[in-house]
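Peer 1: Here you go, one structure.
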Amino acid sequence: MGLDIRIPIGLMFSILGMILVLFGAFGNSAIYQRSLGINVNLDWGSVLLVFGALMLAYGIRGGRRAAAAAKEAGAGNQAGKQSRPNGH
């Protein structure tokens with residue numbers, strides 16, 4: 001089949017989450033005074049990073065399952081063709 005949509009979505013969210021986590025960890029802490037000292041970039045970056053990692057993991061796992069199912073179906077079709085009598 002084609003590309004599983006979870007893989008590019010997972011990559012996008014993981015990259016964006018990593019950017020926010022890095023900015024929140026190494027950025028100027030004075031900018032968080034308006035948000036009552038809460039490092040919003042670090043918090044939401046970690047959320048996006050976890051979501052992206054889950055999407056990537058499910059996408060890769062789903063691709064492996066689909067490949068294994070296709071391999072089993074292909075082996076089953078070959079066995080079925082050999083067991084049929086000629087002329088059918």
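Chain identifiers are assigned as A, B, and so on, following the order in which chains appear in the structure tokens; residues are numbered from 1 within each chain, and ligands are numbered from 1 in order of appearance.
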So that I can check the surroundings of Gly2 (chain A), please list as a ChimeraX atom specification every protein, DNA and RNA residue that reaches within 12 Å of it, counting only C-alpha atoms and ignoring chain neighbours fewer than 5 positions away.

Peer 2: /A:7,59,62-63,66-67

Peer 1: How would you write, as number ranges by chain, the set of residues in chain A that DSSP gives as alpha helix (DSSP H)?

Peer 2: A: 6-26, 40-83

Peer 1: Quick one: everything within 9 Å of Phe51 (chain A), counting only C-alpha atoms, minus sequence neighbours fewer than 5 positions away in the same chain. Send it as a list of chain:residue names.

Peer 2: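 Result of the neighbour search: A:Gly10, A:Phe13, A:Ser14, A:Gly17, A:Ser46, A:Leu56.
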
Peer 1: Create the file for the chosen residues now, containing N, CA and C atoms and written as a PDB file, in the first residue's frame.

Peer 2:
```
ATOM      1  N   GLY A  10       3.583  12.241  12.544  1.00  0.00           N
ATOM      2  CA  GLY A  10       4.484  12.042  13.671  1.00  0.00           C
ATOM      3  C   GLY A  10       5.784  12.804  13.516  1.00  0.00           C
ATOM      4  N   PHE A  13       5.005  16.667  14.113  1.00  0.00           N
ATOM      5  CA  PHE A  13       4.812  17.012  15.514  1.00  0.00           C
ATOM      6  C   PHE A  13       6.092  16.811  16.325  1.00  0.00           C
ATOM      7  N   SER A  14       6.871  15.795  15.992  1.00  0.00           N
ATOM      8  CA  SER A  14       8.129  15.568  16.713  1.00  0.00           C
ATOM      9  C   SER A  14       9.123  16.695  16.474  1.00  0.00           C
ATOM     10  N   GLY A  17       7.791  19.821  18.228  1.00  0.00           N
ATOM     11  CA  GLY A  17       7.960  19.651  19.664  1.00  0.00           C
ATOM     12  C   GLY A  17       9.404  19.798  20.089  1.00  0.00           C
ATOM     13  N   SER A  46       7.037  19.429  25.031  1.00  0.00           N
ATOM     14  CA  SER A  46       7.114  18.031  25.461  1.00  0.00           C
ATOM     15  C   SER A  46       5.839  17.273  25.101  1.00  0.00           C
ATOM     16  N   LEU A  56       4.563   8.238  15.315  1.00  0.00           N
ATOM     17  CA  LEU A  56       5.612   7.541  14.579  1.00  0.00           C
ATOM     18  C   LEU A  56       5.651   6.063  14.946  1.00  0.00           C
TER      19      LEU A  56
END
```

Peer 1: Taking only C-alpha atoms into account, which of A:Ala57, A:Ile31, A:Ile5, A:Val47 comes nearest Met18 (chain A)?

Peer 2: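 Distance minimum relative to Met18 (chain A) lands on A:Val47.
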
Peer 1: Report, in Å with one decimal, the straight-line distance from CA of Val50 (chain A) to CA of Ala25 (chain A).

Peer 2: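 One can read the CA of Val50 (chain A) to CA of Ala25 (chain A) distance as 16.3 Å.
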
Peer 1: CA of Arg6 (chain A) to CA of Glu72 (chain A): how many Å, to one decimal?

Peer 2: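 Going from CA of Arg6 (chain A) over to CA of Glu72 (chain A), I get 23.7 Å.
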
Peer 1: Which residues are near Leu48 (chain A)? Cut-off 12 Å, only C-alpha atoms, ignore same chain within fewer than 4 positions. Put them as a PyMOL selection string.

Peer 2: chain A and resi 9-21+40-44+52-55

Peer 1: Using C-alpha atoms, can you export the residues from the last selection as a PDB file, in the first residue's frame?

Peer 2:
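Written output follows (again35.pdb):
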```pdb
ATOM      1  CA  ILE A   9       2.211  13.568  11.049  1.00  0.00           C
ATOM      2  CA  GLY A  10       4.484  12.042  13.671  1.00  0.00           C
ATOM      3  CA  LEU A  11       7.550  13.577  12.063  1.00  0.00           C
ATOM      4  CA  MET A  12       5.927  17.000  11.876  1.00  0.00           C
ATOM      5  CA  PHE A  13       4.812  17.012  15.514  1.00  0.00           C
ATOM      6  CA  SER A  14       8.129  15.568  16.713  1.00  0.00           C
ATOM      7  CA  ILE A  15      10.161  18.232  14.927  1.00  0.00           C
ATOM      8  CA  LEU A  16       7.914  21.045  16.135  1.00  0.00           C
ATOM      9  CA  GLY A  17       7.960  19.651  19.664  1.00  0.00           C
ATOM     10  CA  MET A  18      11.749  19.383  19.629  1.00  0.00           C
ATOM     11  CA  ILE A  19      12.051  23.010  18.505  1.00  0.00           C
ATOM     12  CA  LEU A  20       9.759  24.169  21.326  1.00  0.00           C
ATOM     13  CA  VAL A  21      11.532  22.032  23.925  1.00  0.00           C
ATOM     14  CA  VAL A  40       4.814  27.235  28.155  1.00  0.00           C
ATOM     15  CA  ASN A  41       7.228  26.363  25.348  1.00  0.00           C
ATOM     16  CA  LEU A  42       8.840  23.593  27.356  1.00  0.00           C
ATOM     17  CA  ASP A  43       5.505  22.175  28.533  1.00  0.00           C
ATOM     18  CA  TRP A  44       3.746  22.165  25.169  1.00  0.00           C
ATOM     19  CA  GLY A  52       4.699  12.833  17.566  1.00  0.00           C
ATOM     20  CA  ALA A  53       6.678   9.908  18.953  1.00  0.00           C
ATOM     21  CA  LEU A  54       3.471   7.938  19.530  1.00  0.00           C
ATOM     22  CA  MET A  55       2.260   8.640  16.000  1.00  0.00           C
TER      23      MET A  55
END
```
